[in-house]
Each structure stands twice: as C-alpha cells, then as structure tokens.
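Peer 1: My structure is in model.pdb, and what it holds is PDB, C-alpha atoms and all ligand atoms:
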ATOM      1  CA  MET A   1       0.000   0.000   0.000
ATOM      2  CA  LYS A   2       1.126   3.579  -0.630
ATOM      3  CA  GLY A   3       1.278   6.313   1.986
ATOM      4  CA  LEU A   4       0.804  10.014   1.345
ATOM      5  CA  ILE A   5       2.061  12.786   3.616
ATOM      6  CA  LEU A   6       0.601  16.259   3.187
ATOM      7  CA  ALA A   7       3.546  18.503   3.986
ATOM      8  CA  ALA A   8       3.027  21.581   1.846
ATOM      9  CA  GLY A   9       1.724  23.976   4.529
ATOM     10  CA  TYR A  10       3.432  27.208   5.558
ATOM     11  CA  GLY A  11       3.770  26.401   9.274
ATOM     12  CA  THR A  12       2.862  29.928  10.327
ATOM     13  CA  ARG A  13       2.299  28.904  13.956
ATOM     14  CA  PHE A  14       6.052  28.341  14.176
ATOM     15  CA  LEU A  15       7.243  31.641  12.755
ATOM     16  CA  PRO A  16       9.928  32.896  12.650
ATOM     17  CA  VAL A  17      11.779  29.535  12.431
ATOM     18  CA  THR A  18       9.588  28.365   9.519
ATOM     19  CA  LYS A  19      10.827  31.271   7.395
ATOM     20  CA  THR A  20      13.666  28.944   6.404
ATOM     21  CA  ILE A  21      13.050  25.546   8.063
ATOM     22  CA  PRO A  22       9.999  23.527   6.998
ATOM     23  CA  LYS A  23       7.782  22.759   9.983
ATOM     24  CA  GLU A  24       8.096  19.039   9.243
ATOM     25  CA  MET A  25      11.880  19.318   9.608
ATOM     26  CA  LEU A  26      11.733  20.716  13.144
ATOM     27  CA  PRO A  27      13.551  18.063  15.142
ATOM     28  CA  LEU A  28      12.490  15.979  18.066
ATOM     29  CA  ILE A  29      16.033  16.010  19.471
ATOM     30  CA  ASP A  30      17.916  14.156  16.701
ATOM     31  CA  ARG A  31      15.352  13.510  13.964
ATOM     32  CA  PRO A  32      12.807  15.644  12.167
ATOM     33  CA  SER A  33       9.191  15.142  13.153
ATOM     34  CA  ILE A  34       8.279  13.859   9.669
ATOM     35  CA  ALA A  35      10.714  10.951  10.161
ATOM     36  CA  PHE A  36       8.334   9.580  12.813
ATOM     37  CA  ILE A  37       5.531   9.410  10.239
ATOM     38  CA  VAL A  38       7.798   7.689   7.718
ATOM     39  CA  GLU A  39       8.817   5.201  10.405
ATOM     40  CA  GLU A  40       5.159   4.566  11.256
ATOM     41  CA  PHE A  41       4.414   3.947   7.560
ATOM     42  CA  ILE A  42       7.317   1.511   7.176
ATOM     43  CA  ASP A  43       6.368  -0.315  10.402
ATOM     44  CA  SER A  44       2.857  -0.591   8.961
ATOM     45  CA  GLY A  45       4.117  -2.234   5.765
ATOM     46  CA  ILE A  46       3.943   0.947   3.655
ATOM     47  CA  ASP A  47       7.178   1.361   1.709
ATOM     48  CA  ASP A  48       6.007   3.476  -1.206
ATOM     49  CA  ILE A  49       5.774   6.966   0.204
ATOM     50  CA  VAL A  50       4.549  10.084  -1.540
ATOM     51  CA  ILE A  51       5.159  13.474   0.052
ATOM     52  CA  ILE A  52       3.419  16.627  -1.079
ATOM     53  CA  THR A  53       5.762  19.540  -0.536
ATOM     54  CA  SER A  54       6.064  23.088  -1.723
ATOM     55  CA  ARG A  55       8.625  25.771  -2.398
ATOM     56  CA  ARG A  56      11.244  26.284   0.334
ATOM     57  CA  LYS A  57      11.038  22.632   1.404
ATOM     58  CA  LYS A  58      14.053  21.240  -0.408
ATOM     59  CA  THR A  59      15.704  20.092   2.826
ATOM     60  CA  LEU A  60      12.839  17.675   3.231
ATOM     61  CA  GLU A  61      13.663  15.934  -0.043
ATOM     62  CA  ASP A  62      17.371  15.843   0.780
ATOM     63  CA  TYR A  63      16.709  14.347   4.195
ATOM     64  CA  PHE A  64      15.316  11.133   2.708
ATOM     65  CA  ASP A  65      18.147  10.825   0.177
ATOM     66  CA  ARG A  66      21.538   9.160   0.626
ATOM     67  CA  GLU A  67      24.478  11.041   2.133
ATOM     68  CA  ILE A  68      27.257   9.512   0.031
ATOM     69  CA  GLU A  69      30.219  11.522   1.420
ATOM     70  CA  LEU A  70      29.378  10.699   5.011
ATOM     71  CA  GLU A  71      28.672   7.066   4.146
ATOM     72  CA  THR A  72      32.122   6.777   2.536
ATOM     73  CA  LEU A  73      33.781   8.390   5.526
ATOM     74  CA  PHE A  74      31.954   6.279   8.120
ATOM     75  CA  ARG A  75      32.561   3.086   6.148
ATOM     76  CA  ALA A  76      36.299   3.834   6.042
ATOM     77  CA  GLU A  77      36.225   4.481   9.798
ATOM     78  CA  GLY A  78      34.152   1.359  10.459
ATOM     79  CA  ALA A  79      31.695   3.622  12.319
ATOM     80  CA  LYS A  80      28.657   1.333  12.126
ATOM     81  CA  ALA A  81      26.309   3.338  14.362
ATOM     82  CA  LYS A  82      26.950   6.509  12.363
ATOM     83  CA  LEU A  83      26.482   4.630   9.091
ATOM     84  CA  ALA A  84      23.125   3.388  10.333
ATOM     85  CA  ALA A  85      22.181   6.910  11.442
ATOM     86  CA  VAL A  86      22.693   8.430   7.969
ATOM     87  CA  ALA A  87      21.117   5.562   6.019
ATOM     88  CA  PRO A  88      17.868   6.662   4.368
ATOM     89  CA  PRO A  89      14.697   4.781   5.356
ATOM     90  CA  LYS A  90      13.996   1.613   3.381
ATOM     91  CA  ALA A  91      11.220   3.025   1.238
ATOM     92  CA  ARG A  92      10.683   4.526  -2.191
ATOM     93  CA  PHE A  93       9.987   8.260  -2.085
ATOM     94  CA  THR A  94       8.129  10.413  -4.556
ATOM     95  CA  PHE A  95       7.777  14.156  -4.065
ATOM     96  CA  ILE A  96       4.998  16.234  -5.534
ATOM     97  CA  ARG A  97       5.162  19.989  -5.329
ATOM     98  CA  GLN A  98       1.908  21.771  -4.637
ATOM     99  CA  GLN A  99       2.251  25.186  -6.228
ATOM    100  CA  GLU A 100      -0.640  26.879  -4.486
ATOM    101  CA  MET A 101      -1.952  26.194  -0.984
ATOM    102  CA  LEU A 102      -5.541  25.478  -1.952
ATOM    103  CA  GLY A 103      -6.519  23.045   0.819
ATOM    104  CA  THR A 104      -6.450  19.316   1.548
ATOM    105  CA  GLY A 105      -8.830  18.372  -1.292
ATOM    106  CA  HIS A 106      -6.619  20.128  -3.808
ATOM    107  CA  ALA A 107      -3.478  18.529  -2.339
ATOM    108  CA  LEU A 108      -5.037  15.052  -2.597
ATOM    109  CA  LEU A 109      -6.034  15.681  -6.200
ATOM    110  CA  SER A 110      -2.475  16.649  -7.066
ATOM    111  CA  ALA A 111      -1.417  13.108  -6.035
ATOM    112  CA  LYS A 112      -4.107  11.291  -8.041
ATOM    113  CA  SER A 113      -1.955  10.033 -10.919
ATOM    114  CA  VAL A 114       0.744   8.820  -8.524
ATOM    115  CA  MET A 115      -1.560   7.017  -6.069
ATOM    116  CA  GLY A 116      -3.070   4.782  -8.755
ATOM    117  CA  ASP A 117      -6.155   2.664  -8.320
ATOM    118  CA  GLU A 118      -5.500   1.311  -4.836
ATOM    119  CA  PRO A 119      -6.375   2.281  -1.284
ATOM    120  CA  PHE A 120      -3.786   4.481   0.426
ATOM    121  CA  VAL A 121      -3.081   6.009   3.832
ATOM    122  CA  VAL A 122      -2.885   9.779   4.253
ATOM    123  CA  ALA A 123      -0.986  11.357   7.139
ATOM    124  CA  TYR A 124      -1.020  14.936   8.353
ATOM    125  CA  PRO A 125       2.505  15.338   9.673
ATOM    126  CA  ASP A 126       1.393  17.250  12.788
ATOM    127  CA  ASP A 127      -0.115  14.099  14.270
ATOM    128  CA  LEU A 128       2.470  11.744  15.726
ATOM    129  CA  HIS A 129       1.657   8.370  17.215
ATOM    130  CA  PHE A 130       3.466   6.404  19.903
ATOM    131  CA  GLY A 131       2.425   2.824  20.646
ATOM    132  CA  GLU A 132       1.513  -0.488  19.071
ATOM    133  CA  PRO A 133       0.233  -1.336  16.578
ATOM    134  CA  PRO A 134       1.447   1.634  14.548
ATOM    135  CA  LEU A 135      -1.480   3.900  13.698
ATOM    136  CA  SER A 136      -1.408   3.342   9.928
ATOM    137  CA  ARG A 137      -1.458  -0.410  10.478
ATOM    138  CA  GLN A 138      -4.560  -0.018  12.631
ATOM    139  CA  LEU A 139      -6.326   1.636   9.687
ATOM    140  CA  ILE A 140      -5.098  -1.022   7.256
ATOM    141  CA  GLU A 141      -6.469  -3.769   9.556
ATOM    142  CA  THR A 142      -9.890  -2.137   9.646
ATOM    143  CA  PHE A 143      -9.828  -1.636   5.878
ATOM    144  CA  LYS A 144      -9.066  -5.338   5.389
ATOM    145  CA  GLN A 145     -12.071  -6.223   7.563
ATOM    146  CA  THR A 146     -14.505  -3.788   5.923
ATOM    147  CA  GLY A 147     -13.252  -2.667   2.494
ATOM    148  CA  CYS A 148     -14.257   0.861   3.566
ATOM    149  CA  THR A 149     -12.508   4.199   3.868
ATOM    150  CA  VAL A 150     -11.320   4.403   7.496
ATOM    151  CA  LEU A 151     -10.989   7.506   9.681
ATOM    152  CA  SER A 152      -8.825   7.470  12.789
ATOM    153  CA  THR A 153     -10.310   9.061  15.897
ATOM    154  CA  ILE A 154      -9.594   9.854  19.512
ATOM    155  CA  HIS A 155     -12.463   9.747  21.978
ATOM    156  CA  ASN A 156     -13.513  12.949  23.719
ATOM    157  CA  PRO A 157     -10.268  14.959  23.737
ATOM    158  CA  PRO A 158     -10.193  18.389  25.394
ATOM    159  CA  ASN A 159     -11.200  21.164  22.965
ATOM    160  CA  LEU A 160     -13.494  19.075  20.734
ATOM    161  CA  GLU A 161     -14.177  22.289  18.808
ATOM    162  CA  ARG A 162     -10.699  22.082  17.250
ATOM    163  CA  TYR A 163     -11.425  18.833  15.398
ATOM    164  CA  GLY A 164     -13.572  17.303  12.696
ATOM    165  CA  ILE A 165     -16.235  15.435  14.720
ATOM    166  CA  LEU A 166     -18.042  12.367  13.402
ATOM    167  CA  ASP A 167     -21.697  11.455  13.304
ATOM    168  CA  MET A 168     -22.430   7.739  13.197
ATOM    169  CA  ALA A 169     -25.114   5.417  11.838
ATOM    170  CA  ASP A 170     -27.186   3.319  14.285
ATOM    171  CA  ASP A 171     -24.573   0.549  14.142
ATOM    172  CA  GLY A 172     -22.172   3.010  15.854
ATOM    173  CA  PHE A 173     -19.465   2.139  13.320
ATOM    174  CA  HIS A 174     -20.355   3.538   9.898
ATOM    175  CA  VAL A 175     -19.814   7.268   9.639
ATOM    176  CA  THR A 176     -22.629   9.405   8.251
ATOM    177  CA  ASP A 177     -21.201  12.901   8.621
ATOM    178  CA  ILE A 178     -18.214  14.947   9.707
ATOM    179  CA  ILE A 179     -18.651  18.376  11.247
ATOM    180  CA  GLU A 180     -15.523  20.506  11.088
ATOM    181  CA  LYS A 181     -14.843  22.382  14.309
ATOM    182  CA  PRO A 182     -18.381  22.402  15.747
ATOM    183  CA  ALA A 183     -19.349  25.043  18.296
ATOM    184  CA  PRO A 184     -19.070  23.662  21.860
ATOM    185  CA  GLY A 185     -22.178  21.688  22.785
ATOM    186  CA  THR A 186     -23.271  21.080  19.173
ATOM    187  CA  GLU A 187     -20.947  18.166  18.388
ATOM    188  CA  PRO A 188     -22.769  15.066  17.061
ATOM    189  CA  SER A 189     -20.511  12.646  19.009
ATOM    190  CA  LYS A 190     -17.285  12.610  20.980
ATOM    191  CA  GLU A 191     -15.257  10.967  18.184
ATOM    192  CA  ALA A 192     -12.666  13.466  16.995
ATOM    193  CA  THR A 193     -10.788  12.706  13.786
ATOM    194  CA  ILE A 194      -7.009  12.908  13.797
ATOM    195  CA  GLY A 195      -4.579  13.199  10.922
ATOM    196  CA  ARG A 196      -4.662   9.606   9.587
ATOM    197  CA  TYR A 197      -7.069   8.498   6.908
ATOM    198  CA  LEU A 198      -7.233   5.398   4.776
ATOM    199  CA  TYR A 199      -8.956   6.315   1.529
ATOM    200  CA  THR A 200     -10.293   3.965  -1.081
ATOM    201  CA  PRO A 201      -9.411   5.185  -4.601
ATOM    202  CA  ASP A 202     -13.048   6.062  -5.412
ATOM    203  CA  ILE A 203     -12.429   9.244  -3.359
ATOM    204  CA  PHE A 204     -10.702  10.764  -6.414
ATOM    205  CA  GLY A 205     -13.809  10.795  -8.616
ATOM    206  CA  TYR A 206     -15.679  12.721  -5.927
ATOM    207  CA  LEU A 207     -12.735  15.048  -5.313
ATOM    208  CA  GLU A 208     -12.802  15.923  -9.004
ATOM    209  CA  GLU A 209     -16.565  16.367  -8.982
ATOM    210  CA  GLY A 210     -16.336  18.733  -5.976
ATOM    211  CA  TRP A 211     -13.433  20.653  -7.511
ATOM    212  CA  LYS A 212     -15.545  21.413 -10.607
ATOM    213  CA  LYS A 213     -18.233  22.941  -8.379
ATOM    214  CA  HIS A 214     -15.751  24.760  -6.140
ATOM    215  CA  THR A 215     -16.147  28.506  -6.317
ATOM    216  CA  GLY A 216     -12.978  29.748  -4.618
ATOM    217  CA  GLY A 217     -10.971  29.666  -1.398
ATOM    218  CA  GLU A 218      -9.494  26.509   0.095
ATOM    219  CA  TYR A 219     -10.893  23.214  -1.172
ATOM    220  CA  TYR A 220     -11.177  20.559   1.540
ATOM    221  CA  HIS A 221     -11.600  16.788   1.220
ATOM    222  CA  THR A 222     -14.928  16.868   3.067
ATOM    223  CA  TYR A 223     -17.172  17.076  -0.025
ATOM    224  CA  ALA A 224     -15.738  13.804  -1.378
ATOM    225  CA  LEU A 225     -15.744  12.155   2.041
ATOM    226  CA  LYS A 226     -19.420  12.966   2.519
ATOM    227  CA  LYS A 227     -20.234  11.385  -0.861
ATOM    228  CA  LEU A 228     -18.596   8.157   0.329
ATOM    229  CA  MET A 229     -20.437   8.423   3.670
ATOM    230  CA  ASP A 230     -23.777   8.726   1.851
ATOM    231  CA  GLN A 231     -23.085   5.301   0.341
ATOM    232  CA  GLY A 232     -22.167   3.698   3.682
ATOM    233  CA  LYS A 233     -18.512   3.368   2.629
ATOM    234  CA  VAL A 234     -16.813   5.097   5.583
ATOM    235  CA  VAL A 235     -16.061   3.664   9.041
ATOM    236  CA  TYR A 236     -13.903   4.866  11.910
ATOM    237  CA  ARG A 237     -11.391   3.298  14.233
ATOM    238  CA  GLN A 238     -10.435   4.656  17.628
ATOM    239  CA  CYS A 239      -6.681   5.168  17.829
ATOM    240  CA  GLU A 240      -4.929   2.728  20.140
ATOM    241  CA  GLY A 241      -1.816   4.207  21.730
ATOM    242  CA  GLU A 242      -0.869   7.811  22.227
ATOM    243  CA  ARG A 243      -1.410  10.614  19.728
ATOM    244  CA  LEU A 244       0.581  13.834  19.979
ATOM    245  CA  ASP A 245      -0.208  17.015  18.103
ATOM    246  CA  THR A 246       2.953  18.846  17.049
ATOM    247  CA  GLY A 247       0.913  21.454  15.188
ATOM    248  CA  SER A 248       1.401  24.056  17.918
ATOM    249  CA  PRO A 249       4.586  25.023  19.761
ATOM    250  CA  ALA A 250       3.156  23.653  23.053
ATOM    251  CA  GLY A 251       2.246  20.313  21.445
ATOM    252  CA  TYR A 252       5.643  20.182  19.772
ATOM    253  CA  LEU A 253       7.359  20.649  23.129
ATOM    254  CA  GLN A 254       5.204  17.860  24.566
ATOM    255  CA  ALA A 255       6.289  15.567  21.714
ATOM    256  CA  ILE A 256       9.963  16.334  22.382
ATOM    257  CA  LEU A 257       9.497  15.460  26.068
ATOM    258  CA  ARG A 258       7.569  12.288  25.201
ATOM    259  CA  TYR A 259      10.274  11.140  22.790
ATOM    260  CA  ALA A 260      13.041  12.041  25.261
ATOM    261  CA  SER A 261      11.309   9.947  27.911
ATOM    262  CA  THR A 262      11.606   6.834  25.714
ATOM    263  CA  ILE A 263      15.417   7.044  25.495
ATOM    264  CA  PRO A 264      17.271   6.287  28.762
ATOM    265  CA  GLU A 265      20.107   8.841  28.350
ATOM    266  CA  TYR A 266      17.676  11.657  27.488
ATOM    267  CA  ARG A 267      15.188  10.573  30.134
ATOM    268  CA  GLU A 268      17.774  11.165  32.830
ATOM    269  CA  VAL A 269      18.523  14.665  31.530
ATOM    270  CA  LEU A 270      14.808  15.353  31.328
ATOM    271  CA  MET A 271      14.167  14.295  34.930
ATOM    272  CA  ASP A 272      17.187  16.283  36.202
ATOM    273  CA  GLY A 273      15.990  19.294  34.238
ATOM    274  CA  ILE A 274      12.486  19.080  35.681
ATOM    275  CA  ASN A 275      13.827  18.659  39.229
ATOM    276  CA  GLY A 276      16.096  21.673  38.655
ATOM    277  CA  LEU A 277      13.085  23.768  37.685
TER     278      LEU A 277
HETATM  279  C1  LIG B 301      -7.482  18.963  10.517
HETATM  280  C2  LIG B 301      -8.812  18.380  10.048
HETATM  281  C3  LIG B 301      -9.690  17.993  11.229
HETATM  282  C4  LIG B 301      -8.922  17.067  12.164
HETATM  283  C5  LIG B 301      -7.577  17.697  12.567
HETATM  284  C6  LIG B 301      -6.772  16.668  13.367
HETATM  285  O1  LIG B 301      -7.724  20.196  11.128
HETATM  286  O2  LIG B 301      -9.477  19.316   9.206
HETATM  287  O3  LIG B 301     -10.848  17.334  10.774
HETATM  288  O4  LIG B 301      -9.709  16.824  13.313
HETATM  289  O5  LIG B 301      -6.829  18.077  11.405
HETATM  290  O6  LIG B 301      -5.537  17.155  13.762
HETATM  291  P1  LIG B 301      -6.527  21.269  11.405
HETATM  292  O7  LIG B 301      -5.772  20.763  12.597
HETATM  293  O8  LIG B 301      -5.720  21.324  10.162
HETATM  294  O9  LIG B 301      -7.248  22.555  11.710
END
Please, can you express the file's structure as structure tokens?

Peer 2:
Amino acid sequence: MKGLILAAGYGTRFLPVTKTIPKEMLPLIDRPSIAFIVEEFIDSGIDDIVIITSRRKKTLEDYFDREIELETLFRAEGAKAKLAAVAPPKARFTFIRQQEMLGTGHALLSAKSVMGDEPFVVAYPDDLHFGEPPLSRQLIETFKQTGCTVLSTIHNPPNLERYGILDMADDGFHVTDIIEKPAPGTEPSKEATIGRYLYTPDIFGYLEEGWKKHTGGEYYHTYALKKLMDQGKVVYRQCEGERLDTGSPAGYLQAILRYASTIPEYREVLMDGINGL
C-alpha cells in the first residue's frame, strides 16, 4: 500500500523559524518530526511513500536521500552506528510539489496520478503516534475487515471544537457525517478525527466532482468524504496508543518530552531538568 504525507503547509504557527526551516523538519532532538511518520508507515508495511511539498522545502527531499560523502567516511572508519544513522529509510519516495496552498482536497487531487487505483493512507505530519500497533497499520487492519474508507479518531479529547467530529449510523461504526470544528455543545458525538485516513481510490472521482463545483478559497476533502459516507462506505477506528499534536509550539514541546522519555540517556537529563526547575 502507498502512503501520502501532506507537507506543503506554511507552518505559520512556528514563525519565525519556519521562514527557512519547513515545519516538518523541526527536530524531536535528533530527527525531524516527519521521520516519525515515515517510520510509522514503514512499520505498517507501507514502503512506497509520496510526500506533497512546496517551495522552500528542499531540505525535506534531501533528508530522505543518501548522504554519500558521510557514508564513505563512516565506512572507512568502520563507524557502524553513524552509518546506520545516515542511512535513508527503506522506502521509495516520490515528491509532488503543490504550487498553491488550496486546501487538503486540492493537495489530494495533485497526487491522483501517482496514487493509482488502490487504497492508500494519508498522514497529516502534525499528528504523531506512539504505541503499538502503529497507527497506519490499525487503519489497514480495519480496511481489510470492511473494504471501507477508514478515519482514525480519539475519543472525547479536550477542545473538541478544534477537530472534525463524526456522526455515526445506528450501528455506531459507519460514519454518516463529519462536522468541522463544531461550536461547543453542538458536536454530534465525541469521536474526533485525527490526521490519519485510509482512503479507497473512489475518493478521487468525488474530489474531481467537488473541484468542478468549487467557487474559490481553500478546497477541503470533506465534499468527497461525505459522498462516500452517503453510500455507507466510511467507518472509523479509535486510535490505540498515544497521539501527539505537534501542530502548535506547546504540542511540539510535549512531543519532544515524550520522545526524550523513551530514550534512557535523554530521560535522565529530562528528569534532572524538571527537578532543577
Ligand atoms: C485537521 C482536520 C480535522 C482534524 C484535525 C486533526 O484540522 O481538518 O478534521 O480533526 O486536522 O488534527 P486542522 O488541525 O488542520 O485545523
């Protein structure tokens, strides 16, 4: 299966650093945040990875390439750990450049010819996942059981009004609607979608249909998704494990601390630092 990462956004919440560093390249200590998504894809059996980028994001393409000079040097030195650290992930990468930021629906359409006629997983790089099974694999499992488009959710997070919230059919499993950022108290359920979606390829026909009717401004994927929902072809799966939102500086800091806590040498520094404070 192919995986698609939507990484074309400006990252304005992280200005000024995003003037020159793509948001997805901001590191969690020693690796850029997007590397966690790529790792999740590979651990989920996805090794054909398409990344939608934009101008000023060349470092992102270079990151997933080989570093021949360093490889040669480390090989000569017999520095195995360093060699492993610079090795690119074992996946095939394709980059598509989105020339205008016209929304998620437009970004998905720009990948149509590359994605082919198969289901695929889409990741928003702000949403990182820690735990087993890897989040993309969870969606693939549910797809294999149902043949449907699958939306990943978390149950009743704080600030429901920041998410796309699902409405469900009587079976409690098929999704009938998604309300983007509902006013507090009006949400149809407590299932909040997060940035992982498994789409069946029939989404593209509806994306094209919606694009023809689109009259301006950003074009989201919701029109096409609702068409699939009307036919009973969308289900959801609650995310097992921990989801972190690096889309804001506070969430990004949380992700750094969470990652640091998983590595013994950093964990010690983290605990000392907190005690010092
Ligand atoms: C996007 C989606 C929303 C989803 C959220 C998850 O919103 O539109 O449905 O709940 O990601 O992170 P954004 O965070 O881009 O405002």

Peer 1: Find the residues near segment 229-243 of chain A: any atom within 6 Å, counting only C-alpha atoms, skip ones fewer than 2 places away on the same chain, and give them as a ChimeraX atom specification.

Peer 2: /A:128-131,148-154,173-176,226-227

Peer 1: Within 12 Å of segment 212-219 of chain A, counting all atoms listed in the file, which residues qualify if same-chain residues fewer than 4 places away don't, as an MDAnalysis selection string?

Peer 2: chainID A and resid 100:109 205:208 223:224

Peer 1: Any chance you could work out the residue set of the PyMOL selection byres (((chain A and resi 87) around 8) and not hetatm) here, as a VMD selection string?

Peer 2: chain A and resid 66 to 67 71 83 to 86 88 to 89

Peer 1: Could you turn the residues from that selection into a file that holds C-alpha atoms, as a compact mmCIF listing (two decimals), in the frame of the given file?

Peer 2:
# COMPACT_ATOMS: atom_id res chain seq x y z
CA ARG A 66 21.54 9.16 0.63
CA GLU A 67 24.48 11.04 2.13
CA GLU A 71 28.67 7.07 4.15
CA LEU A 83 26.48 4.63 9.09
CA ALA A 84 23.12 3.39 10.33
CA ALA A 85 22.18 6.91 11.44
CA VAL A 86 22.69 8.43 7.97
CA PRO A 88 17.87 6.66 4.37
CA PRO A 89 14.70 4.78 5.36

Peer 1: Dump as a tab-separated table the rows for residues of chain A within 12 Å of ligand LIG 301 (chain B): closest atom pair and distance in Å with one decimal, all atoms listed in the file counted, ordered by chain and rising residue number.

Peer 2:
residue	atom	partner	partner_atom	distance
A:Leu6	CA	B:LIG301	O8	10.7
A:Ala7	CA	B:LIG301	O8	11.5
A:Gly9	CA	B:LIG301	O8	9.7
A:Tyr10	CA	B:LIG301	O8	11.8
A:Gly11	CA	B:LIG301	O8	10.8
A:Arg13	CA	B:LIG301	O7	11.5
A:Gly103	CA	B:LIG301	O8	9.5
A:Thr104	CA	B:LIG301	O2	8.2
A:Gly105	CA	B:LIG301	O2	10.6
A:Val122	CA	B:LIG301	O5	11.6
A:Ala123	CA	B:LIG301	O5	9.9
A:Tyr124	CA	B:LIG301	O5	7.3
A:Pro125	CA	B:LIG301	O6	9.2
A:Asp126	CA	B:LIG301	O6	7.0
A:Asp127	CA	B:LIG301	O6	6.2
A:Leu128	CA	B:LIG301	O6	9.9
A:His129	CA	B:LIG301	O6	11.9
A:Leu151	CA	B:LIG301	O3	9.9
A:Ser152	CA	B:LIG301	O4	9.4
A:Thr153	CA	B:LIG301	O4	8.2
A:Ile154	CA	B:LIG301	O4	9.3
A:His155	CA	B:LIG301	O4	11.5
A:Asn156	CA	B:LIG301	O4	11.7
A:Pro157	CA	B:LIG301	O4	10.6
A:Asn159	CA	B:LIG301	O4	10.7
A:Leu160	CA	B:LIG301	O4	8.6
A:Glu161	CA	B:LIG301	O4	8.9
A:Arg162	CA	B:LIG301	O9	6.5
A:Tyr163	CA	B:LIG301	O4	3.4
A:Gly164	CA	B:LIG301	O3	3.3
A:Ile165	CA	B:LIG301	O4	6.8
A:Leu166	CA	B:LIG301	O3	9.1
A:Asp177	CA	B:LIG301	O3	11.5
A:Ile178	CA	B:LIG301	O3	7.8
A:Ile179	CA	B:LIG301	O3	7.9
A:Glu180	CA	B:LIG301	O3	5.7
A:Lys181	CA	B:LIG301	O3	7.3
A:Pro182	CA	B:LIG301	O3	10.4
A:Lys190	CA	B:LIG301	O4	11.6
A:Glu191	CA	B:LIG301	O4	9.4
A:Ala192	CA	B:LIG301	O4	5.8
A:Thr193	CA	B:LIG301	O4	4.3
A:Ile194	CA	B:LIG301	C6	3.8
A:Gly195	CA	B:LIG301	C6	4.8
A:Arg196	CA	B:LIG301	C6	8.3
A:Tyr197	CA	B:LIG301	C4	10.2
A:Glu218	CA	B:LIG301	O2	11.6
A:Tyr219	CA	B:LIG301	O2	11.2
A:Tyr220	CA	B:LIG301	O2	8.0
A:His221	CA	B:LIG301	O2	8.6
A:Thr222	CA	B:LIG301	O2	8.6
A:Leu225	CA	B:LIG301	O3	11.3
A:Arg243	CA	B:LIG301	O6	9.8
A:Leu244	CA	B:LIG301	O6	9.3
A:Asp245	CA	B:LIG301	O6	6.9
A:Thr246	CA	B:LIG301	O6	9.3
A:Gly247	CA	B:LIG301	O7	7.2
A:Ser248	CA	B:LIG301	O7	9.5
A:Gly251	CA	B:LIG301	O6	11.4

Peer 1: Can you work out which one of A:Leu15, A:Ile21, A:Ala8, A:Ile29 has the shortest atom-to-atom distance to Ile263 of chain A, counting only C-alpha atoms?

Peer 2: A:Ile29

Peer 1: So how many Å separate atom CA of Thr262 of chain A and atom CA of Glu39 of chain A, to one decimal?

Peer 2: 15.6 Å

Peer 1: If you measure from atom CA of Ala183 of chain A to atom CA of Ile203 of chain A, what distance in Å do you get, rounded to one decimal?

Peer 2: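 So the two atoms, atom CA of Ala183 of chain A and atom CA of Ile203 of chain A, lie 27.7 Å apart.
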
Peer 1: Do you have the atom CA of Phe93 of chain A-atom CA of Asp48 of chain A distance handy?

Peer 2: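 Separating atom CA of Phe93 of chain A from atom CA of Asp48 of chain A is a distance of 6.3 Å.
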
Peer 1: Select, from A:Arg258, A:Lys2, A:Lys80, A:Arg267, the residue with the minimum atom-to-atom distance to Gly116 of chain A, counting all atoms listed in the file.

Peer 2: A:Lys2

Peer 1: Scan for residues within 12 Å of the point (15.4, 17.6, 18.7) in the coordinates of the file, using all atoms listed in the file, and reply as a list in words.

Peer 2: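 So the residues meeting the distance criterion are Met25, Leu26, Pro27, Leu28, Ile29, Asp30, Arg31, Pro32, Ser33, Ala35, Tyr252, Leu253, Gln254, Ala255, Ile256, Leu257, Arg258, Tyr259, Ala260 and Tyr266 of chain A.
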
Peer 1: Produce a file of the selected residues containing C-alpha atoms, as a CSV table (one decimal), in the frame of the given file.

Peer 2:
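Final file, out-v3.csv:
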chain,number,residue,atom,x,y,z
A,25,MET,CA,11.9,19.3,9.6
A,26,LEU,CA,11.7,20.7,13.1
A,27,PRO,CA,13.6,18.1,15.1
A,28,LEU,CA,12.5,16.0,18.1
A,29,ILE,CA,16.0,16.0,19.5
A,30,ASP,CA,17.9,14.2,16.7
A,31,ARG,CA,15.4,13.5,14.0
A,32,PRO,CA,12.8,15.6,12.2
A,33,SER,CA,9.2,15.1,13.2
A,35,ALA,CA,10.7,11.0,10.2
A,252,TYR,CA,5.6,20.2,19.8
A,253,LEU,CA,7.4,20.6,23.1
A,254,GLN,CA,5.2,17.9,24.6
A,255,ALA,CA,6.3,15.6,21.7
A,256,ILE,CA,10.0,16.3,22.4
A,257,LEU,CA,9.5,15.5,26.1
A,258,ARG,CA,7.6,12.3,25.2
A,259,TYR,CA,10.3,11.1,22.8
A,260,ALA,CA,13.0,12.0,25.3
A,266,TYR,CA,17.7,11.7,27.5

Peer 1: Which of these residues is nearest to Phe41 of chain A, using all atoms listed in the file: A:Val121, A:Val114, A:Leu60, A:Ile96?

Peer 2: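 Going through A:Val121, A:Val114, A:Leu60, A:Ile96 one by one, the smallest distance to Phe41 of chain A is for A:Val121.
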
Peer 1: As a check of understanding, name the residues that the PyMOL selection byres (((chain A and resi 40) around 8) and not hetatm) selects in the supplied structure, as a list of chain:residue names.

Peer 2: A:Phe36, A:Ile37, A:Val38, A:Glu39, A:Phe41, A:Ile42, A:Asp43, A:Ser44, A:His129, A:Pro134, A:Leu135, A:Ser136

Peer 1: Deliver the residues from the most recent selection as a file, using C-alpha atoms, as a PDB file, in the frame of the given file.

Peer 2:
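Done, and the output landed in out.pdb:
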ATOM      1  CA  PHE A  36       8.334   9.580  12.813  1.00  0.00           C
ATOM      2  CA  ILE A  37       5.531   9.410  10.239  1.00  0.00           C
ATOM      3  CA  VAL A  38       7.798   7.689   7.718  1.00  0.00           C
ATOM      4  CA  GLU A  39       8.817   5.201  10.405  1.00  0.00           C
ATOM      5  CA  PHE A  41       4.414   3.947   7.560  1.00  0.00           C
ATOM      6  CA  ILE A  42       7.317   1.511   7.176  1.00  0.00           C
ATOM      7  CA  ASP A  43       6.368  -0.315  10.402  1.00  0.00           C
ATOM      8  CA  SER A  44       2.857  -0.591   8.961  1.00  0.00           C
ATOM      9  CA  HIS A 129       1.657   8.370  17.215  1.00  0.00           C
ATOM     10  CA  PRO A 134       1.447   1.634  14.548  1.00  0.00           C
ATOM     11  CA  LEU A 135      -1.480   3.900  13.698  1.00  0.00           C
ATOM     12  CA  SER A 136      -1.408   3.342   9.928  1.00  0.00           C
TER      13      SER A 136
END

Peer 1: Kindly indicate which residue among A:Leu198, A:Ile49, A:Ala169, A:Ile5 lies nearest to Arg137 of chain A, using all atoms listed in the file for the distances.

Peer 2: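 Of the candidates, the smallest distance to Arg137 of chain A is held by A:Leu198.
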
Peer 1: Nearest residue to Glu61 of chain A out of A:Val17, A:Leu270, A:Ile34, A:Leu73, using all atoms listed in the file?

Peer 2: A:Ile34
